[in-house]
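Input: a single structure, listed below in structure tokens.
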Amino acid sequence: MTHTPAPRPGVKGLIFDEPVLFDLGSPGRTAYSLPSSPIPEVETETLLPPDEIRGAIDHLPELTELDVVRHFTRLSQWNFSIDGNFYPLGSCTMKYNPRLNEDMARLPGFALHHPYTPEALSQGSLQLLFELQEYLKEISGMDAVSLQPAAGAHGEMTGMLVIKAWLESRGEQRRKVLMPDSAHGTNPASSALCGYEVVQIPSDAEGLIALDKLKELMDEDTAAIMLTNPNTLGMFEKNILEITETVHSRGGLVYCDGANLNALMGMCKVGATGVDVLHFNLHKTFSTPHGGGGPGAGPVGVKDFLEPFLPVPHIEHKDGQYHCNYDQPESIGKVRTFYGNFGVLLRAYTFIRTLGPDGIREACESAVLSANYIKAKLKDDYHLPYPGPSLHECVFNDKQQLKHGVKTLDIAKMLIDHGFHPPTVYFPLIVKGALMVEPTESESKETLDQFIEAMKAIAKEAEKNPENFHDAPYLPKVSRPDEARAARKPVLRWPGKTRN
Ligand SMILES: *Cc1c(COP(=O)(O)O)cnc(C)c1O
């Protein structure tokens, strides 16, 4: 192999090989030391019936506390994280999670507060939830917010159930939901879960909802349109007023997927654009951790005529007291235990309070500026299928590199050798070989420049030595797993394969 892996700016630390726990340890080692007990030992058999006594476990490793701590700490260093380096994941908004959020979530008054504590003794926590509802209303221009849903997709389902309940309260049984072909996969899934048939609206040449097609498709059997603004190409639906008017004129409602609120907050109130329901991804826009597929929070905002249908309880402020209102006969019911993901809501609250109105707007401006900076710097190296103005993310593809036999997946893999997490690839589906980059407002110009430099080096290498891409990446412990098999039959033992 003649390929020399690229240097990794600032991220090439010590890389440990780590055996599995079962290969570590030595008989007789323990992770505790306790004084001997004066109480005499008794045989377990004299205390329990035989079928309740577990037999000996073979090969259980005997380890010291230090063995265990080092093992897991080393394993954690194999992972890529937002605290470790840049994560330009388009649509998923991987921004820095400020430590102040974590500090606040660990305050004993919050962390130890039991959800069954009576309302009168929970005023502080309830006030926090109430105020978060108010902030989200202010940021979005919606009239009421429920904090219950535990993720974006969960918020979508909740919002669609609210729309359905409202329609049914009017004696209407509509069957369809419209959505653009650039929609995130959770949109059709959420609609289908609520019993709707999904009808796709094609995008026009600019990458926006084709208005003429919408006018053709919108009818009295359509419950709603689910759109994303800015859409998953990072583009603002500039015809939003005409879109919402068209849908409303035939009795339908407008659902806006608010996962991309990073591009609007402080600049544009979604509620003012005719949207009836909107979900927020607190783990994206409001800097709470994504976790391993959770825990997140996906609050839902609605216009006032939909408020009675929101999940219970709704947190209210009356006569100087904060309280949970369960008395909403038209509510779709609970969608999650208690009040939602309290620890996550608390972190988002902290983020909003830290930034304040000006900071929220500035974060949005910086996110948009960063994406456009990357777009401008890389436009000669990578093809831009929709070159129109975009907001907080930009979508390239592999058209220029395909001429040399290098495809999007190869580019993404090679980027790992440069020390960056690959961007979102092959999404949105309407872009063939999409490479979708969202830098967010958290990244410095130096980081963006390093990323741009890496992407340029990759474009050059694709032209000169396309054969290098077949085995990329070269530096990580695992380079090119068979993606389908890796998901279905994961190799959990190390070494699973010999390194090259
Ligand atoms: C992330 C995302 C979702 C889904 O949110 P989850 O919290 O992952 O369920 C929906 N729509 C868009 C546009 C997204 O980016």
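Ordered as shown in the structure tokens, chains take letters A, B, and onward, while each chain numbers its residues from 1 and ligands are numbered from 1 in the order shown.
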
List all protein, DNA and RNA residues that have an atom no more than 8 Å from any atom of ligand 1, counting only C-alpha atoms and all ligand atoms, and report them as JSON, numbers by chain.
{"A": [90, 91, 92, 93, 150, 151, 152, 153, 154, 155, 156, 183, 184, 185, 186, 187, 228, 231, 232, 257, 258, 259, 260, 281, 283, 284, 293, 294, 296, 297, 298]}

File of the preceding selection, C-alpha atoms, as a CSV table (one decimal), in the first residue's frame:
chain,number,residue,atom,x,y,z
A,90,GLY,CA,-26.3,17.7,7.9
A,91,SER,CA,-29.9,17.8,9.2
A,92,CYS,CA,-29.0,16.3,12.6
A,93,THR,CA,-27.5,19.6,14.0
A,150,ALA,CA,-39.3,12.5,23.8
A,151,ALA,CA,-37.8,13.0,20.3
A,152,GLY,CA,-38.4,14.8,17.0
A,153,ALA,CA,-40.2,11.8,15.5
A,154,HIS,CA,-42.3,11.5,18.6
A,155,GLY,CA,-43.2,15.1,18.3
A,156,GLU,CA,-44.3,14.6,14.7
A,183,ALA,CA,-38.8,15.1,3.5
A,184,HIS,CA,-37.0,13.4,6.4
A,185,GLY,CA,-37.9,9.7,6.6
A,186,THR,CA,-39.6,10.2,9.9
A,187,ASN,CA,-42.3,12.4,8.3
A,228,THR,CA,-39.7,21.3,6.6
A,231,ASN,CA,-36.1,22.2,3.9
A,232,THR,CA,-33.6,19.4,4.0
A,257,ASP,CA,-41.0,19.9,10.9
A,258,GLY,CA,-38.9,22.2,13.0
A,259,ALA,CA,-35.8,20.2,13.2
A,260,ASN,CA,-34.0,22.9,11.2
A,281,ASN,CA,-35.7,19.2,18.4
A,283,HIS,CA,-31.3,17.9,21.1
A,284,LYS,CA,-30.5,19.7,17.9
A,293,GLY,CA,-30.6,7.5,20.0
A,294,GLY,CA,-31.9,9.3,23.0
A,296,GLY,CA,-34.0,13.7,23.5
A,297,ALA,CA,-37.0,16.0,23.6
A,298,GLY,CA,-39.3,17.0,20.8

Using only C-alpha atoms, which residues sit within 10 Å of Leu233 in chain A once same-chain residues fewer than 4 positions away are excluded, as a list in words?
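Counting only the stated atoms, we get Gly90, Ser91, Ser182, Ala183, Gly207, Leu208, Thr228, Asn229, Pro385, Tyr386, Gly388, Ser390, Leu391, His392, Glu393, Cys394, Val395, Phe396, Phe427, Pro428, Ile430, Val431, Ala434, Met436 and Val437 of chain A.
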
Go ahead and write the residues just picked, C-alpha atoms, as a JSON list (two decimals), in the first residue's frame.
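Result file again07.json:
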[["chain", "number", "residue", "atom", "x", "y", "z"],
["A", 90, "GLY", "CA", -26.34, 17.68, 7.93],
["A", 91, "SER", "CA", -29.93, 17.84, 9.24],
["A", 182, "SER", "CA", -37.14, 15.91, 0.18],
["A", 183, "ALA", "CA", -38.82, 15.06, 3.51],
["A", 207, "GLY", "CA", -35.25, 22.31, -4.76],
["A", 208, "LEU", "CA", -38.47, 23.81, -3.34],
["A", 228, "THR", "CA", -39.75, 21.27, 6.60],
["A", 229, "ASN", "CA", -38.60, 24.86, 6.57],
["A", 385, "PRO", "CA", -26.88, 20.21, -7.37],
["A", 386, "TYR", "CA", -29.07, 23.05, -6.07],
["A", 388, "GLY", "CA", -29.57, 28.56, -4.96],
["A", 390, "SER", "CA", -29.27, 28.24, 1.38],
["A", 391, "LEU", "CA", -29.36, 28.74, 5.12],
["A", 392, "HIS", "CA", -27.74, 26.56, 7.79],
["A", 393, "GLU", "CA", -26.61, 23.59, 5.71],
["A", 394, "CYS", "CA", -25.38, 22.89, 2.19],
["A", 395, "VAL", "CA", -25.68, 19.81, 0.04],
["A", 396, "PHE", "CA", -22.92, 18.76, -2.35],
["A", 427, "PHE", "CA", -29.73, 12.18, 2.10],
["A", 428, "PRO", "CA", -31.90, 13.98, 1.07],
["A", 430, "ILE", "CA", -33.63, 13.69, -4.18],
["A", 431, "VAL", "CA", -29.89, 14.37, -4.47],
["A", 434, "ALA", "CA", -25.60, 13.66, -1.50],
["A", 436, "MET", "CA", -24.86, 17.16, 3.37],
["A", 437, "VAL", "CA", -22.87, 19.46, 5.63]]

Please extract the residues of range 112-287 of chain A with a backbone DSSP assignment of strand (DSSP E) and present them as a ChimeraX atom specification.
/A:144-146,176-180,197-201,222-228,253-258,277-280

Residue list (helix (DSSP H, G or I), DSSP) for range 316-376 of chain A, as a PyMOL selection string
chain A and resi 342-376

With distances taken over only C-alpha atoms, which of A:Gly195, A:Pro357, A:Gly343, A:Gly419 is nearest to Leu107 in chain A?
A:Gly343

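Closest approach to Leu264 in chain A among A:Ile139, A:Ala472, A:Ala457, A:Leu241: A:Ile139, based on only C-alpha atoms.
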
Applying 12 Å and only C-alpha atoms, which residues near Phe80 in chain A remain after dropping the ones on its own chain fewer than 2 positions away? List them as number ranges by chain.
A: 11, 75-78, 82-87, 416, 419-422, 476

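CA of Gln127 in chain A lies 13.3 Å from CA of Gly109 in chain A.
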
Tell me, as a list in words, which residues lie within 7 Å of range 158-175 of chain A, counting only C-alpha atoms; anything in the same chain fewer than 3 positions away does not count.
His154, Gly155, Ser191, Cys194, Tyr196, Glu197, Asp221, Thr222, Ala223, Val277, Val300, Leu306, Phe309, Leu310 and Ile332 of chain A

Output for the residues just chosen: C-alpha atoms as a PDB file, in the first residue's frame:
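Saved to again.pdb:
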ATOM      1  CA  HIS A 154     -42.285  11.456  18.631  1.00  0.00           C
ATOM      2  CA  GLY A 155     -43.196  15.144  18.337  1.00  0.00           C
ATOM      3  CA  SER A 191     -48.136  10.107   9.150  1.00  0.00           C
ATOM      4  CA  CYS A 194     -51.456   7.955  12.514  1.00  0.00           C
ATOM      5  CA  TYR A 196     -52.684   8.457   6.882  1.00  0.00           C
ATOM      6  CA  GLU A 197     -51.804   7.682   3.305  1.00  0.00           C
ATOM      7  CA  ASP A 221     -59.499  14.407   1.403  1.00  0.00           C
ATOM      8  CA  THR A 222     -56.128  15.777   2.550  1.00  0.00           C
ATOM      9  CA  ALA A 223     -55.680  16.307   6.279  1.00  0.00           C
ATOM     10  CA  VAL A 277     -48.244  22.673  14.238  1.00  0.00           C
ATOM     11  CA  VAL A 300     -44.797  20.427  19.985  1.00  0.00           C
ATOM     12  CA  LEU A 306     -55.477  23.137  18.611  1.00  0.00           C
ATOM     13  CA  PHE A 309     -55.990  18.560  21.884  1.00  0.00           C
ATOM     14  CA  LEU A 310     -52.406  18.707  23.245  1.00  0.00           C
ATOM     15  CA  ILE A 332     -55.054  13.110  22.770  1.00  0.00           C
TER      16      ILE A 332
END

Considering only C-alpha atoms, can you say which of A:Tyr474, A:Tyr373, A:Phe469, A:Tyr339 comes closest to Lys445 in chain A?
A:Tyr373

Using only C-alpha atoms, which residues sit within 8 Å of Asp381 in chain A once same-chain residues fewer than 5 positions away are excluded, as an MDAnalysis selection string?
chainID A and resid 400 456 459

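Counting only C-alpha atoms, the residue from A:Arg336, A:Asp327, A:Arg29, A:Glu443 that sits nearest to Ile315 in chain A is A:Asp327.
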
Fewer than 4 positions away in the same chain doesn't count, so skip those; otherwise give me all residues within 9 Å of Ser125 in chain A, counting only C-alpha atoms, as a PyMOL selection string.
chain A and resi 109-110+113+129-130+342+346

Written selection (all heavy atoms) as a PDB file, in the first residue's frame:
ATOM      1  N   GLY A 109     -31.355  20.065  43.701  1.00  0.00           N
ATOM      2  CA  GLY A 109     -32.777  20.413  43.753  1.00  0.00           C
ATOM      3  C   GLY A 109     -33.527  19.920  42.522  1.00  0.00           C
ATOM      4  O   GLY A 109     -34.708  19.573  42.599  1.00  0.00           O
ATOM      5  N   PHE A 110     -32.841  19.886  41.380  1.00  0.00           N
ATOM      6  CA  PHE A 110     -33.453  19.358  40.161  1.00  0.00           C
ATOM      7  C   PHE A 110     -33.210  17.853  40.030  1.00  0.00           C
ATOM      8  O   PHE A 110     -34.125  17.075  39.796  1.00  0.00           O
ATOM      9  CB  PHE A 110     -32.887  20.050  38.927  1.00  0.00           C
ATOM     10  CG  PHE A 110     -33.329  21.483  38.762  1.00  0.00           C
ATOM     11  CD1 PHE A 110     -32.399  22.493  38.534  1.00  0.00           C
ATOM     12  CD2 PHE A 110     -34.683  21.819  38.813  1.00  0.00           C
ATOM     13  CE1 PHE A 110     -32.806  23.807  38.377  1.00  0.00           C
ATOM     14  CE2 PHE A 110     -35.101  23.135  38.654  1.00  0.00           C
ATOM     15  CZ  PHE A 110     -34.152  24.138  38.439  1.00  0.00           C
ATOM     16  N   HIS A 113     -35.170  15.630  42.393  1.00  0.00           N
ATOM     17  CA  HIS A 113     -36.596  15.936  42.529  1.00  0.00           C
ATOM     18  C   HIS A 113     -37.442  14.781  41.987  1.00  0.00           C
ATOM     19  O   HIS A 113     -37.387  14.458  40.799  1.00  0.00           O
ATOM     20  CB  HIS A 113     -36.895  17.226  41.763  1.00  0.00           C
ATOM     21  CG  HIS A 113     -38.240  17.780  42.091  1.00  0.00           C
ATOM     22  ND1 HIS A 113     -38.718  18.913  41.502  1.00  0.00           N
ATOM     23  CD2 HIS A 113     -39.204  17.360  42.938  1.00  0.00           C
ATOM     24  CE1 HIS A 113     -39.934  19.166  41.968  1.00  0.00           C
ATOM     25  NE2 HIS A 113     -40.239  18.231  42.837  1.00  0.00           N
ATOM     26  N   LEU A 129     -40.506  24.487  33.716  1.00  0.00           N
ATOM     27  CA  LEU A 129     -41.213  23.909  32.568  1.00  0.00           C
ATOM     28  C   LEU A 129     -42.136  24.946  31.934  1.00  0.00           C
ATOM     29  O   LEU A 129     -42.192  25.087  30.708  1.00  0.00           O
ATOM     30  CB  LEU A 129     -42.021  22.670  33.005  1.00  0.00           C
ATOM     31  CG  LEU A 129     -41.191  21.478  33.474  1.00  0.00           C
ATOM     32  CD1 LEU A 129     -42.094  20.366  33.989  1.00  0.00           C
ATOM     33  CD2 LEU A 129     -40.295  20.953  32.359  1.00  0.00           C
ATOM     34  N   PHE A 130     -42.845  25.692  32.788  1.00  0.00           N
ATOM     35  CA  PHE A 130     -43.765  26.707  32.273  1.00  0.00           C
ATOM     36  C   PHE A 130     -42.993  27.742  31.452  1.00  0.00           C
ATOM     37  O   PHE A 130     -43.383  28.100  30.336  1.00  0.00           O
ATOM     38  CB  PHE A 130     -44.501  27.381  33.429  1.00  0.00           C
ATOM     39  CG  PHE A 130     -45.409  28.484  32.981  1.00  0.00           C
ATOM     40  CD1 PHE A 130     -46.656  28.192  32.441  1.00  0.00           C
ATOM     41  CD2 PHE A 130     -45.007  29.818  33.053  1.00  0.00           C
ATOM     42  CE1 PHE A 130     -47.490  29.218  31.998  1.00  0.00           C
ATOM     43  CE2 PHE A 130     -45.836  30.835  32.611  1.00  0.00           C
ATOM     44  CZ  PHE A 130     -47.080  30.542  32.084  1.00  0.00           C
ATOM     45  N   PHE A 342     -37.377  15.551  31.663  1.00  0.00           N
ATOM     46  CA  PHE A 342     -37.098  16.751  32.470  1.00  0.00           C
ATOM     47  C   PHE A 342     -35.633  17.215  32.385  1.00  0.00           C
ATOM     48  O   PHE A 342     -35.350  18.396  32.203  1.00  0.00           O
ATOM     49  CB  PHE A 342     -37.504  16.539  33.929  1.00  0.00           C
ATOM     50  CG  PHE A 342     -37.323  17.764  34.774  1.00  0.00           C
ATOM     51  CD1 PHE A 342     -38.185  18.839  34.639  1.00  0.00           C
ATOM     52  CD2 PHE A 342     -36.267  17.862  35.679  1.00  0.00           C
ATOM     53  CE1 PHE A 342     -37.998  19.999  35.389  1.00  0.00           C
ATOM     54  CE2 PHE A 342     -36.083  19.014  36.437  1.00  0.00           C
ATOM     55  CZ  PHE A 342     -36.956  20.074  36.294  1.00  0.00           C
ATOM     56  N   LEU A 346     -34.470  20.827  30.982  1.00  0.00           N
ATOM     57  CA  LEU A 346     -33.694  21.723  31.845  1.00  0.00           C
ATOM     58  C   LEU A 346     -32.435  22.230  31.145  1.00  0.00           C
ATOM     59  O   LEU A 346     -32.050  23.398  31.258  1.00  0.00           O
ATOM     60  CB  LEU A 346     -33.366  20.931  33.123  1.00  0.00           C
ATOM     61  CG  LEU A 346     -32.376  21.377  34.162  1.00  0.00           C
ATOM     62  CD1 LEU A 346     -32.606  22.810  34.574  1.00  0.00           C
ATOM     63  CD2 LEU A 346     -32.508  20.478  35.376  1.00  0.00           C
TER      64      LEU A 346
END

Just the number, please: distance in Å from CA of Ala376 in chain A to CA of Lys399 in chain A, one decimal.
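Pair CA of Ala376 in chain A / CA of Lys399 in chain A returns 17.3 Å.
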
Please list as a PyMOL selection string every residue within 10 Å of Lys334 in chain A, counting only C-alpha atoms and excluding residues in the same chain fewer than 4 positions away.
chain A and resi 148-149+158+310-313+326+338-340

Which residue, A:Val198, A:Leu378, A:Ala412, A:Met142, has the smallest gap to Asp304 in chain A when you use only C-alpha atoms?
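Ranked by minimum distance to Asp304 in chain A, first place goes to A:Met142.
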